[in-house]
Amino acid sequence: MTEASPAVPHPNGAYVFRLYLAGGAPNSVRALANLYAICHRHFPDSHRIEIIDVLREPMRALAETILVTPTLVKVSPAPEQQIIGNLSEEEEVLRALGLPQKENG
Amino acid sequence: MTATTDARPGDTTPLMEKAAALALRLAHTENALRALTSGQVDAIIDPEGRAHLLRPAQESLRRSEQRLQTILECAADVIVVVDREGLILSQSRAAKRVLGYEPDELIGKRFFELIHPEDLPILYIAYFNVIEGFAEHATVRFRHRDPQGLDRLVEAAVGQLRGFSPANVVLSLRPATLAIAVREKAVPATTPPSSSRGKDLFLAMLSHELRAPLNPALLGVEELLDDAQFTAANPVLTMIRRNIQLQVRLLEELTDFTTVGEHKVRLRLEALDAHEYIRFVLEICRNEIAAARVDVRCFFWATESKVAGDAARFQQVMWNLVKNAVKFSPLGSILSVTTINDPPGHLTIQFSDQGIGIEPELLPRVFDAFHQGNHSAGGLGLGLFIAQGLAGAQGGSLTAHSEGRGKGASLHLTMPLFGLGEERAHVEKEAGFFPLATPGAADAPVPGNRRRP
């Protein structure tokens, strides 16, 4: 499930996300798909996504005080921020994570 | 307050950090709650670090709808939804059986146009009482025209369908019961309705009434059993379910009895190997036999074992007999099943137990409905009554023998051998049930017969 292992900043100093999800549950699957879409549109060459399945590694979620899934954490650039839900509202996701928005089009 | 203002700046920083962390945590919780209420969460992590998967709302909605649909399809009654003006909006599948209409054939038709004009006033009254809220439910009987133009006598419970605007009406229709049909037919005064028929009708109604509340209770219990929240209560819930199921079974027995009373069993006589059936029925009852630690011994002495009987009914008779014998067998006793070709041209199966036996004066009564002797062994006391009726219907007989109290009992099922009464073999015949119990009933008009070509 894990696409990129360490939570170290990207060499390019760009965007690192950690997505906590629950196996193949509907909201989790949707969140993952939405996250891929957002990343490919906004930071095609400078992102890294780490996926944590809480059904397999619940203790990791607990360590980071994750309450529910799906939760997306923006690890870098600092500050660390998070958003809960299936990430279907792209603008809201970008705003919540404090990310620059491209002009809509 | 003053203390903090006096404190050096270095002391307040950790406090501020703590406050900021708390605020962040609060914000996360709030977000989690918002996501939860909008259905965007599929798992919750508890403080012990366990992840709990939530059943997606849509999935559970779909399942409950499916369940409801199944209930409607399986219900013995037709459920028809009609609007204020009598336009049929929906119908369930039983419409075919009860009213003779194909699925969806009734939709869009005017319900009142399918009713016998003479019966309209009474239906109108019930309908409008319900739709105007004067009565919660009303039960009426009327003649309903089927696609072939024949009138079917049906009974309908009329109720208002809440939560719809404008108000709709839900009708639950079933074939009307025997007594009404008899009245309808205007029985000649010379054949008074037998008292047993009144009893049958009462029982038919009673069993229906008693069963109705059980189904929702059963569904409720099953739902709770499915629910992970109530795992701790599972043993109790299982016990409740088992008892409801038992109750349903008892009521089914009662319904069996009433079908029997209505003389409406269709038989197909064919050659059946009695020995094979005995083995099969003993196999079905294996758990009960093992639980009672009864030692079953078979003595197949009959050389001719092919009897003329109706497969399902023959099996039912033997099933009832085995269950009866096991029920009255003491723990660890012997139950012998013996077959002989006696009297000539017949096969007799003897089920002999070592149970409490039957006192001579009570022997004639063991086949009476609801007779249980001086003991309560569970059940309704209908097993032998049904068995005797079914045996008689197939041309056989069932008798009880006992040396007296404490000396065990023996039930003898005698069936004609196949091939000796060829004219009866492979013949579908409508059985007249219980000639003993209802001597006058065979002559009385029966709706089932009246309708059949």
# chains A, B, ... in the order shown; residues from 1 in each chain; ligands from 1

$ residues_around --residues "range 25-36 of chain A" --least-positions-apart "2" --cutoff "9 Å" --atoms "only C-alpha atoms" --output "number ranges by chain"
A: 19-23, 38-41, 49, 51, 69-72, 85-90; B: 39-43, 53-56

$ closest_atom_pairs --of "chain B" --to "chain A" --cutoff "12 Å" --atoms "only C-alpha atoms" --output "CSV"
residue,atom,partner,partner_atom,distance
B:Ala21,CA,A:Thr65,CA,11.6
B:Leu22,CA,A:Thr65,CA,11.9
B:Leu24,CA,A:Gln81,CA,9.7
B:Arg25,CA,A:Thr65,CA,8.4
B:Leu26,CA,A:Leu67,CA,11.3
B:Ala27,CA,A:Gln82,CA,10.1
B:His28,CA,A:Gln82,CA,7.9
B:Thr29,CA,A:Leu67,CA,7.4
B:Glu30,CA,A:Ile84,CA,10.0
B:Asn31,CA,A:Ile84,CA,6.5
B:Ala32,CA,A:Ile84,CA,6.2
B:Leu33,CA,A:Val68,CA,9.2
B:Arg34,CA,A:Ile84,CA,8.7
B:Ala35,CA,A:Gly85,CA,5.6
B:Leu36,CA,A:Gly85,CA,8.3
B:Thr37,CA,A:Gly85,CA,10.6
B:Ser38,CA,A:Gly85,CA,8.8
B:Gly39,CA,A:Asn27,CA,8.5
B:Gln40,CA,A:Gly85,CA,5.0
B:Val41,CA,A:Thr69,CA,5.6
B:Asp42,CA,A:Thr69,CA,5.9
B:Ala43,CA,A:Thr69,CA,5.2
B:Ile44,CA,A:Val68,CA,4.3
B:Ile45,CA,A:Leu67,CA,5.3
B:Asp46,CA,A:Leu67,CA,7.3
B:Pro47,CA,A:Leu62,CA,7.2
B:Glu48,CA,A:Leu62,CA,7.9
B:Gly49,CA,A:Met59,CA,5.2
B:Arg50,CA,A:Pro58,CA,5.9
B:Ala51,CA,A:Leu55,CA,5.9
B:His52,CA,A:Leu55,CA,8.2
B:Leu53,CA,A:Ala22,CA,7.4
B:Leu54,CA,A:Ala25,CA,8.9
B:Arg55,CA,A:Ala25,CA,9.0
B:Pro56,CA,A:Pro26,CA,7.6
B:Ala57,CA,A:Pro26,CA,10.6
B:Gln58,CA,A:Pro26,CA,10.2
B:Glu59,CA,A:Pro26,CA,10.0

$ write_last_selection --atoms "N, CA and C atoms" --output "CSV table (one decimal), in the first residue's frame"
chain,number,residue,atom,x,y,z
B,21,ALA,N,-1.8,23.8,20.9
B,21,ALA,CA,-2.0,22.4,20.6
B,21,ALA,C,-3.4,21.9,20.8
B,22,LEU,N,-3.9,22.4,22.0
B,22,LEU,CA,-5.3,22.0,22.4
B,22,LEU,C,-6.3,22.5,21.3
B,24,LEU,N,-5.8,23.2,18.3
B,24,LEU,CA,-5.6,22.5,17.0
B,24,LEU,C,-6.4,21.2,17.1
B,25,ARG,N,-6.2,20.5,18.3
B,25,ARG,CA,-6.9,19.2,18.5
B,25,ARG,C,-8.4,19.4,18.4
B,26,LEU,N,-8.9,20.5,19.0
B,26,LEU,CA,-10.3,20.8,19.0
B,26,LEU,C,-10.8,21.0,17.6
B,27,ALA,N,-10.0,21.7,16.8
B,27,ALA,CA,-10.3,22.0,15.4
B,27,ALA,C,-10.4,20.6,14.7
B,28,HIS,N,-9.4,19.7,14.9
B,28,HIS,CA,-9.5,18.4,14.3
B,28,HIS,C,-10.7,17.6,14.6
B,29,THR,N,-11.1,17.7,15.9
B,29,THR,CA,-12.2,17.0,16.4
B,29,THR,C,-13.5,17.5,15.7
B,30,GLU,N,-13.5,18.8,15.6
B,30,GLU,CA,-14.7,19.5,15.0
B,30,GLU,C,-14.8,19.1,13.5
B,31,ASN,N,-13.6,19.1,12.9
B,31,ASN,CA,-13.6,18.7,11.4
B,31,ASN,C,-14.1,17.2,11.3
B,32,ALA,N,-13.6,16.4,12.2
B,32,ALA,CA,-13.9,15.0,12.2
B,32,ALA,C,-15.4,14.8,12.3
B,33,LEU,N,-16.0,15.6,13.3
B,33,LEU,CA,-17.5,15.5,13.5
B,33,LEU,C,-18.2,15.9,12.2
B,34,ARG,N,-17.7,17.0,11.6
B,34,ARG,CA,-18.4,17.5,10.4
B,34,ARG,C,-18.4,16.4,9.3
B,35,ALA,N,-17.2,15.8,9.1
B,35,ALA,CA,-17.0,14.8,8.1
B,35,ALA,C,-17.9,13.6,8.4
B,36,LEU,N,-18.0,13.3,9.7
B,36,LEU,CA,-18.8,12.2,10.1
B,36,LEU,C,-20.3,12.4,9.8
B,37,THR,N,-20.8,13.6,10.1
B,37,THR,CA,-22.2,13.9,9.8
B,37,THR,C,-22.5,13.9,8.3
B,38,SER,N,-21.5,14.3,7.5
B,38,SER,CA,-21.8,14.4,6.1
B,38,SER,C,-21.5,13.0,5.4
B,39,GLY,N,-21.2,12.0,6.2
B,39,GLY,CA,-21.1,10.7,5.6
B,39,GLY,C,-19.8,10.4,4.9
B,40,GLN,N,-18.7,11.2,5.2
B,40,GLN,CA,-17.5,11.1,4.5
B,40,GLN,C,-16.4,10.3,5.3
B,41,VAL,N,-16.9,9.7,6.4
B,41,VAL,CA,-15.9,8.9,7.2
B,41,VAL,C,-16.2,7.5,7.1
B,42,ASP,N,-15.1,6.6,6.9
B,42,ASP,CA,-15.4,5.2,6.9
B,42,ASP,C,-14.8,4.4,8.0
B,43,ALA,N,-13.9,5.1,8.8
B,43,ALA,CA,-13.4,4.3,10.0
B,43,ALA,C,-13.1,5.3,11.1
B,44,ILE,N,-13.2,4.8,12.3
B,44,ILE,CA,-12.9,5.6,13.5
B,44,ILE,C,-11.8,4.9,14.3
B,45,ILE,N,-10.8,5.7,14.7
B,45,ILE,CA,-9.7,5.1,15.5
B,45,ILE,C,-10.0,5.4,17.0
B,46,ASP,N,-10.1,4.4,17.8
B,46,ASP,CA,-10.5,4.7,19.2
B,46,ASP,C,-9.2,4.9,20.0
B,47,PRO,N,-9.3,5.4,21.3
B,47,PRO,CA,-8.1,5.8,22.1
B,47,PRO,C,-7.2,4.6,22.3
B,48,GLU,N,-7.6,3.4,22.1
B,48,GLU,CA,-6.8,2.2,22.3
B,48,GLU,C,-6.0,1.9,21.0
B,49,GLY,N,-6.3,2.6,20.0
B,49,GLY,CA,-5.6,2.4,18.7
B,49,GLY,C,-6.3,1.3,17.9
B,50,ARG,N,-7.6,1.1,18.1
B,50,ARG,CA,-8.3,0.1,17.2
B,50,ARG,C,-9.1,0.9,16.2
B,51,ALA,N,-9.1,0.4,14.9
B,51,ALA,CA,-9.8,1.0,13.9
B,51,ALA,C,-11.2,0.4,13.8
B,52,HIS,N,-12.3,1.2,13.8
B,52,HIS,CA,-13.6,0.6,13.6
B,52,HIS,C,-14.2,1.0,12.3
B,53,LEU,N,-14.4,0.1,11.5
B,53,LEU,CA,-15.0,0.4,10.2
B,53,LEU,C,-16.5,0.7,10.3
B,54,LEU,N,-16.9,1.8,9.7
B,54,LEU,CA,-18.3,2.1,9.8
B,54,LEU,C,-19.0,1.5,8.5
B,55,ARG,N,-20.1,1.0,8.7
B,55,ARG,CA,-20.9,0.5,7.6
B,55,ARG,C,-21.4,1.7,6.8
B,56,PRO,N,-21.0,1.8,5.5
B,56,PRO,CA,-21.4,2.9,4.8
B,56,PRO,C,-22.9,3.1,4.8
B,57,ALA,N,-23.4,4.3,5.0
B,57,ALA,CA,-24.8,4.6,5.1
B,57,ALA,C,-25.6,4.1,3.9
B,58,GLN,N,-25.0,4.3,2.7
B,58,GLN,CA,-25.8,3.9,1.5
B,58,GLN,C,-26.0,2.4,1.5
B,59,GLU,N,-24.9,1.8,1.8
B,59,GLU,CA,-24.9,0.3,1.8
B,59,GLU,C,-26.0,-0.2,2.7

$ closest_residue --among "B:Cys74, B:Val221, B:Ala312, B:Ala290" --to "Glu270 in chain B" --atoms "only C-alpha atoms"
B:Ala312

$ atom_distance --atom1 "CA of Arg405 in chain B" --atom2 "CA of Gly389 in chain B"
25.4 Å

$ atom_distance --atom1 "CA of Ala274 in chain B" --atom2 "CA of Thr339 in chain B"
8.7 Å

$ atom_distance --atom1 "CA of Gly332 in chain B" --atom2 "CA of Ile278 in chain B"
20.7 Å

$ select_by_dssp --residues "chain A" --states "helix (DSSP H, G or I)" --output "PDB file with N, CA and C atoms, in the first residue's frame"
ATOM      1  N   PRO A  26     -15.395   2.923   0.778  1.00  0.00           N
ATOM      2  CA  PRO A  26     -15.752   3.840  -0.317  1.00  0.00           C
ATOM      3  C   PRO A  26     -15.143   5.242  -0.193  1.00  0.00           C
ATOM      4  N   ASN A  27     -15.271   5.866   0.983  1.00  0.00           N
ATOM      5  CA  ASN A  27     -14.722   7.213   1.138  1.00  0.00           C
ATOM      6  C   ASN A  27     -13.207   7.217   0.999  1.00  0.00           C
ATOM      7  N   SER A  28     -12.569   6.155   1.453  1.00  0.00           N
ATOM      8  CA  SER A  28     -11.116   6.064   1.369  1.00  0.00           C
ATOM      9  C   SER A  28     -10.669   5.976  -0.081  1.00  0.00           C
ATOM     10  N   VAL A  29     -11.337   5.126  -0.829  1.00  0.00           N
ATOM     11  CA  VAL A  29     -10.999   4.961  -2.242  1.00  0.00           C
ATOM     12  C   VAL A  29     -11.188   6.282  -2.985  1.00  0.00           C
ATOM     13  N   ARG A  30     -12.297   6.942  -2.671  1.00  0.00           N
ATOM     14  CA  ARG A  30     -12.589   8.221  -3.324  1.00  0.00           C
ATOM     15  C   ARG A  30     -11.526   9.265  -2.944  1.00  0.00           C
ATOM     16  N   ALA A  31     -11.175   9.294  -1.670  1.00  0.00           N
ATOM     17  CA  ALA A  31     -10.186  10.268  -1.213  1.00  0.00           C
ATOM     18  C   ALA A  31      -8.861  10.072  -1.945  1.00  0.00           C
ATOM     19  N   LEU A  32      -8.463   8.805  -2.093  1.00  0.00           N
ATOM     20  CA  LEU A  32      -7.196   8.523  -2.759  1.00  0.00           C
ATOM     21  C   LEU A  32      -7.240   8.986  -4.214  1.00  0.00           C
ATOM     22  N   ALA A  33      -8.333   8.679  -4.882  1.00  0.00           N
ATOM     23  CA  ALA A  33      -8.475   9.075  -6.285  1.00  0.00           C
ATOM     24  C   ALA A  33      -8.441  10.597  -6.408  1.00  0.00           C
ATOM     25  N   ASN A  34      -9.170  11.270  -5.508  1.00  0.00           N
ATOM     26  CA  ASN A  34      -9.190  12.734  -5.547  1.00  0.00           C
ATOM     27  C   ASN A  34      -7.812  13.323  -5.269  1.00  0.00           C
ATOM     28  N   LEU A  35      -7.093  12.707  -4.339  1.00  0.00           N
ATOM     29  CA  LEU A  35      -5.769  13.224  -4.006  1.00  0.00           C
ATOM     30  C   LEU A  35      -4.824  13.091  -5.207  1.00  0.00           C
ATOM     31  N   TYR A  36      -4.855  11.937  -5.853  1.00  0.00           N
ATOM     32  CA  TYR A  36      -4.031  11.757  -7.058  1.00  0.00           C
ATOM     33  C   TYR A  36      -4.358  12.833  -8.087  1.00  0.00           C
ATOM     34  N   ALA A  37      -5.645  13.075  -8.285  1.00  0.00           N
ATOM     35  CA  ALA A  37      -6.066  14.047  -9.301  1.00  0.00           C
ATOM     36  C   ALA A  37      -5.551  15.440  -8.944  1.00  0.00           C
ATOM     37  N   ILE A  38      -5.696  15.802  -7.673  1.00  0.00           N
ATOM     38  CA  ILE A  38      -5.264  17.135  -7.242  1.00  0.00           C
ATOM     39  C   ILE A  38      -3.755  17.283  -7.442  1.00  0.00           C
ATOM     40  N   CYS A  39      -3.016  16.248  -7.019  1.00  0.00           N
ATOM     41  CA  CYS A  39      -1.560  16.322  -7.121  1.00  0.00           C
ATOM     42  C   CYS A  39      -1.101  16.418  -8.573  1.00  0.00           C
ATOM     43  N   HIS A  40      -1.740  15.612  -9.427  1.00  0.00           N
ATOM     44  CA  HIS A  40      -1.324  15.639 -10.824  1.00  0.00           C
ATOM     45  C   HIS A  40      -1.646  16.965 -11.482  1.00  0.00           C
ATOM     46  N   ARG A  41      -2.695  17.601 -11.034  1.00  0.00           N
ATOM     47  CA  ARG A  41      -3.053  18.875 -11.639  1.00  0.00           C
ATOM     48  C   ARG A  41      -2.170  20.016 -11.123  1.00  0.00           C
ATOM     49  N   HIS A  42      -1.888  19.997  -9.818  1.00  0.00           N
ATOM     50  CA  HIS A  42      -1.247  21.172  -9.229  1.00  0.00           C
ATOM     51  C   HIS A  42       0.254  21.027  -9.044  1.00  0.00           C
ATOM     52  N   PRO A  58      -3.086   0.547  12.776  1.00  0.00           N
ATOM     53  CA  PRO A  58      -3.878   1.505  13.570  1.00  0.00           C
ATOM     54  C   PRO A  58      -3.019   2.321  14.534  1.00  0.00           C
ATOM     55  N   MET A  59      -1.935   1.718  15.022  1.00  0.00           N
ATOM     56  CA  MET A  59      -1.137   2.427  16.004  1.00  0.00           C
ATOM     57  C   MET A  59      -0.473   3.669  15.414  1.00  0.00           C
ATOM     58  N   ARG A  60      -0.163   3.626  14.131  1.00  0.00           N
ATOM     59  CA  ARG A  60       0.423   4.824  13.497  1.00  0.00           C
ATOM     60  C   ARG A  60      -0.570   5.966  13.501  1.00  0.00           C
ATOM     61  N   ALA A  61      -1.833   5.616  13.272  1.00  0.00           N
ATOM     62  CA  ALA A  61      -2.857   6.659  13.280  1.00  0.00           C
ATOM     63  C   ALA A  61      -2.979   7.242  14.685  1.00  0.00           C
ATOM     64  N   LEU A  62      -2.946   6.360  15.666  1.00  0.00           N
ATOM     65  CA  LEU A  62      -3.069   6.813  17.041  1.00  0.00           C
ATOM     66  C   LEU A  62      -1.908   7.739  17.403  1.00  0.00           C
ATOM     67  N   ALA A  63      -0.700   7.354  16.991  1.00  0.00           N
ATOM     68  CA  ALA A  63       0.485   8.148  17.306  1.00  0.00           C
ATOM     69  C   ALA A  63       0.348   9.563  16.769  1.00  0.00           C
ATOM     70  N   GLU A  90     -12.134  20.206  -4.307  1.00  0.00           N
ATOM     71  CA  GLU A  90     -10.716  20.505  -4.536  1.00  0.00           C
ATOM     72  C   GLU A  90     -10.279  21.831  -3.915  1.00  0.00           C
ATOM     73  N   GLU A  91     -11.082  22.857  -4.135  1.00  0.00           N
ATOM     74  CA  GLU A  91     -10.716  24.179  -3.610  1.00  0.00           C
ATOM     75  C   GLU A  91     -10.586  24.165  -2.101  1.00  0.00           C
ATOM     76  N   GLU A  92     -11.541  23.483  -1.475  1.00  0.00           N
ATOM     77  CA  GLU A  92     -11.537  23.429  -0.029  1.00  0.00           C
ATOM     78  C   GLU A  92     -10.306  22.690   0.476  1.00  0.00           C
ATOM     79  N   VAL A  93      -9.934  21.632  -0.255  1.00  0.00           N
ATOM     80  CA  VAL A  93      -8.756  20.861   0.134  1.00  0.00           C
ATOM     81  C   VAL A  93      -7.524  21.763   0.096  1.00  0.00           C
ATOM     82  N   LEU A  94      -7.382  22.499  -1.005  1.00  0.00           N
ATOM     83  CA  LEU A  94      -6.205  23.362  -1.163  1.00  0.00           C
ATOM     84  C   LEU A  94      -6.180  24.444  -0.096  1.00  0.00           C
ATOM     85  N   ARG A  95      -7.363  24.996   0.190  1.00  0.00           N
ATOM     86  CA  ARG A  95      -7.423  26.072   1.172  1.00  0.00           C
ATOM     87  C   ARG A  95      -7.085  25.530   2.563  1.00  0.00           C
ATOM     88  N   ALA A  96      -7.679  24.379   2.901  1.00  0.00           N
ATOM     89  CA  ALA A  96      -7.466  23.817   4.227  1.00  0.00           C
ATOM     90  C   ALA A  96      -6.005  23.468   4.461  1.00  0.00           C
TER      91      ALA A  96
END

$ select_by_dssp --residues "chain A" --states "strand (DSSP E)" --output "MDAnalysis selection string"
chainID A and resid 15:21 47:53 68:69 71:76 81:84

$ write_last_selection --atoms "N, CA, C and O atoms" --output "JSON list (two decimals), in the first residue's frame"
[["chain", "number", "residue", "atom", "x", "y", "z"],
["A", 15, "TYR", "N", 6.03, 18.93, -2.13],
["A", 15, "TYR", "CA", 4.84, 18.56, -1.36],
["A", 15, "TYR", "C", 4.84, 17.10, -0.94],
["A", 15, "TYR", "O", 4.94, 16.21, -1.78],
["A", 16, "VAL", "N", 4.71, 16.90, 0.35],
["A", 16, "VAL", "CA", 4.60, 15.54, 0.87],
["A", 16, "VAL", "C", 3.27, 15.40, 1.60],
["A", 16, "VAL", "O", 2.95, 16.19, 2.49],
["A", 17, "PHE", "N", 2.51, 14.37, 1.20],
["A", 17, "PHE", "CA", 1.21, 14.11, 1.81],
["A", 17, "PHE", "C", 1.19, 12.74, 2.45],
["A", 17, "PHE", "O", 1.85, 11.81, 1.99],
["A", 18, "ARG", "N", 0.41, 12.64, 3.52],
["A", 18, "ARG", "CA", 0.20, 11.33, 4.13],
["A", 18, "ARG", "C", -1.32, 11.15, 4.22],
["A", 18, "ARG", "O", -2.00, 11.98, 4.81],
["A", 19, "LEU", "N", -1.77, 10.08, 3.58],
["A", 19, "LEU", "CA", -3.21, 9.83, 3.59],
["A", 19, "LEU", "C", -3.52, 8.61, 4.46],
["A", 19, "LEU", "O", -3.02, 7.52, 4.21],
["A", 20, "TYR", "N", -4.34, 8.85, 5.48],
["A", 20, "TYR", "CA", -4.80, 7.75, 6.33],
["A", 20, "TYR", "C", -6.13, 7.26, 5.79],
["A", 20, "TYR", "O", -7.08, 8.05, 5.65],
["A", 21, "LEU", "N", -6.17, 6.00, 5.43],
["A", 21, "LEU", "CA", -7.44, 5.48, 4.92],
["A", 21, "LEU", "C", -7.74, 4.11, 5.52],
["A", 21, "LEU", "O", -6.92, 3.52, 6.22],
["A", 47, "HIS", "N", 5.59, 15.94, -5.96],
["A", 47, "HIS", "CA", 4.79, 15.51, -4.81],
["A", 47, "HIS", "C", 5.12, 14.07, -4.46],
["A", 47, "HIS", "O", 5.66, 13.31, -5.27],
["A", 48, "ARG", "N", 4.82, 13.77, -3.24],
["A", 48, "ARG", "CA", 5.02, 12.41, -2.77],
["A", 48, "ARG", "C", 3.83, 12.08, -1.85],
["A", 48, "ARG", "O", 3.44, 12.91, -1.04],
["A", 49, "ILE", "N", 3.28, 10.88, -2.05],
["A", 49, "ILE", "CA", 2.11, 10.49, -1.25],
["A", 49, "ILE", "C", 2.43, 9.24, -0.45],
["A", 49, "ILE", "O", 2.91, 8.25, -1.01],
["A", 50, "GLU", "N", 2.20, 9.32, 0.84],
["A", 50, "GLU", "CA", 2.35, 8.13, 1.66],
["A", 50, "GLU", "C", 0.96, 7.69, 2.13],
["A", 50, "GLU", "O", 0.16, 8.51, 2.58],
["A", 51, "ILE", "N", 0.72, 6.41, 1.95],
["A", 51, "ILE", "CA", -0.61, 5.91, 2.30],
["A", 51, "ILE", "C", -0.51, 5.01, 3.52],
["A", 51, "ILE", "O", 0.32, 4.11, 3.57],
["A", 52, "ILE", "N", -1.37, 5.27, 4.50],
["A", 52, "ILE", "CA", -1.38, 4.44, 5.71],
["A", 52, "ILE", "C", -2.78, 3.84, 5.87],
["A", 52, "ILE", "O", -3.77, 4.57, 6.00],
["A", 53, "ASP", "N", -2.81, 2.53, 5.81],
["A", 53, "ASP", "CA", -4.09, 1.84, 5.99],
["A", 53, "ASP", "C", -4.27, 1.59, 7.50],
["A", 53, "ASP", "O", -3.57, 0.79, 8.10],
["A", 68, "VAL", "N", -10.26, 9.85, 12.62],
["A", 68, "VAL", "CA", -11.11, 9.13, 11.66],
["A", 68, "VAL", "C", -10.40, 9.02, 10.33],
["A", 68, "VAL", "O", -9.39, 9.69, 10.10],
["A", 69, "THR", "N", -10.91, 8.15, 9.45],
["A", 69, "THR", "CA", -10.40, 8.10, 8.08],
["A", 69, "THR", "C", -11.54, 8.41, 7.13],
["A", 69, "THR", "O", -12.70, 8.14, 7.47],
["A", 71, "THR", "N", -8.26, 10.73, 6.43],
["A", 71, "THR", "CA", -7.66, 12.01, 6.82],
["A", 71, "THR", "C", -6.40, 12.22, 5.99],
["A", 71, "THR", "O", -5.56, 11.32, 5.89],
["A", 72, "LEU", "N", -6.30, 13.40, 5.41],
["A", 72, "LEU", "CA", -5.10, 13.74, 4.63],
["A", 72, "LEU", "C", -4.25, 14.72, 5.44],
["A", 72, "LEU", "O", -4.77, 15.72, 5.93],
["A", 73, "VAL", "N", -2.97, 14.39, 5.60],
["A", 73, "VAL", "CA", -2.07, 15.29, 6.30],
["A", 73, "VAL", "C", -1.05, 15.81, 5.30],
["A", 73, "VAL", "O", -0.47, 15.05, 4.54],
["A", 74, "LYS", "N", -0.90, 17.11, 5.31],
["A", 74, "LYS", "CA", 0.18, 17.70, 4.50],
["A", 74, "LYS", "C", 1.40, 17.79, 5.40],
["A", 74, "LYS", "O", 1.40, 18.55, 6.37],
["A", 75, "VAL", "N", 2.41, 16.98, 5.10],
["A", 75, "VAL", "CA", 3.59, 16.92, 5.95],
["A", 75, "VAL", "C", 4.54, 18.09, 5.65],
["A", 75, "VAL", "O", 5.07, 18.74, 6.54],
["A", 76, "SER", "N", 4.73, 18.33, 4.39],
["A", 76, "SER", "CA", 5.55, 19.47, 4.02],
["A", 76, "SER", "C", 5.01, 20.08, 2.74],
["A", 76, "SER", "O", 4.35, 19.38, 1.96],
["A", 81, "GLN", "N", -0.56, 20.33, 8.19],
["A", 81, "GLN", "CA", -2.00, 20.61, 8.27],
["A", 81, "GLN", "C", -2.79, 19.40, 7.82],
["A", 81, "GLN", "O", -2.25, 18.55, 7.10],
["A", 82, "GLN", "N", -4.05, 19.32, 8.22],
["A", 82, "GLN", "CA", -4.84, 18.14, 7.81],
["A", 82, "GLN", "C", -6.26, 18.49, 7.42],
["A", 82, "GLN", "O", -6.79, 19.54, 7.79],
["A", 83, "ILE", "N", -6.84, 17.59, 6.64],
["A", 83, "ILE", "CA", -8.24, 17.73, 6.25],
["A", 83, "ILE", "C", -8.88, 16.34, 6.27],
["A", 83, "ILE", "O", -8.23, 15.35, 5.93],
["A", 84, "ILE", "N", -10.13, 16.31, 6.71],
["A", 84, "ILE", "CA", -10.84, 15.03, 6.84],
["A", 84, "ILE", "C", -11.93, 14.95, 5.78],
["A", 84, "ILE", "O", -12.59, 15.95, 5.49]]

$ closest_residue --among "B:Ala167, B:Leu68, B:Ala94, B:Leu120" --to "Gly133 in chain B" --atoms "only C-alpha atoms"
B:Ala167

$ residues_around --residues "Met239 in chain B" --least-positions-apart "6" --cutoff "12 Å" --atoms "only C-alpha atoms" --output "list in words"
Leu218, Val221, Glu222, Leu225, Ala233, Gln245 and Leu246 of chain B

$ write_last_selection --atoms "all heavy atoms" --output "compact mmCIF listing (two decimals), in the first residue's frame"
# COMPACT_ATOMS: atom_id res chain seq x y z
N LEU B 218 -38.78 -11.20 15.01
CA LEU B 218 -37.69 -12.03 14.53
C LEU B 218 -36.68 -11.19 13.74
O LEU B 218 -35.47 -11.29 13.93
CB LEU B 218 -38.26 -13.15 13.65
CG LEU B 218 -37.38 -14.36 13.39
CD1 LEU B 218 -36.95 -14.98 14.70
CD2 LEU B 218 -38.12 -15.37 12.55
N VAL B 221 -34.63 -9.04 16.12
CA VAL B 221 -33.59 -9.79 16.81
C VAL B 221 -32.43 -10.07 15.87
O VAL B 221 -31.26 -9.94 16.24
CB VAL B 221 -34.16 -11.12 17.37
CG1 VAL B 221 -33.04 -12.01 17.86
CG2 VAL B 221 -35.14 -10.85 18.48
N GLU B 222 -32.76 -10.41 14.62
CA GLU B 222 -31.69 -10.71 13.67
C GLU B 222 -30.83 -9.48 13.39
O GLU B 222 -29.62 -9.57 13.24
CB GLU B 222 -32.27 -11.29 12.38
CG GLU B 222 -32.28 -12.81 12.52
CD GLU B 222 -33.17 -13.51 11.52
OE1 GLU B 222 -33.60 -12.86 10.56
OE2 GLU B 222 -33.41 -14.70 11.74
N LEU B 225 -28.53 -9.11 16.20
CA LEU B 225 -27.47 -10.11 16.13
C LEU B 225 -26.40 -9.69 15.13
O LEU B 225 -25.22 -9.99 15.30
CB LEU B 225 -28.05 -11.47 15.75
CG LEU B 225 -28.59 -12.30 16.92
CD1 LEU B 225 -29.42 -13.46 16.40
CD2 LEU B 225 -27.47 -12.81 17.80
N ALA B 233 -24.40 -9.40 24.01
CA ALA B 233 -25.75 -9.91 24.27
C ALA B 233 -26.11 -11.08 23.36
O ALA B 233 -27.23 -11.58 23.42
CB ALA B 233 -26.76 -8.78 24.10
N GLN B 245 -38.53 -18.60 16.84
CA GLN B 245 -38.63 -19.57 15.76
C GLN B 245 -39.47 -20.77 16.20
O GLN B 245 -40.26 -21.30 15.41
CB GLN B 245 -37.23 -20.04 15.33
CG GLN B 245 -36.53 -19.00 14.47
CD GLN B 245 -35.06 -19.30 14.30
OE1 GLN B 245 -34.48 -20.06 15.07
NE2 GLN B 245 -34.45 -18.71 13.29
N LEU B 246 -39.30 -21.16 17.43
CA LEU B 246 -40.08 -22.27 17.96
C LEU B 246 -41.56 -21.93 17.92
O LEU B 246 -42.40 -22.73 17.50
CB LEU B 246 -39.64 -22.57 19.40
CG LEU B 246 -40.42 -23.68 20.09
CD1 LEU B 246 -40.08 -25.03 19.48
CD2 LEU B 246 -40.12 -23.69 21.58
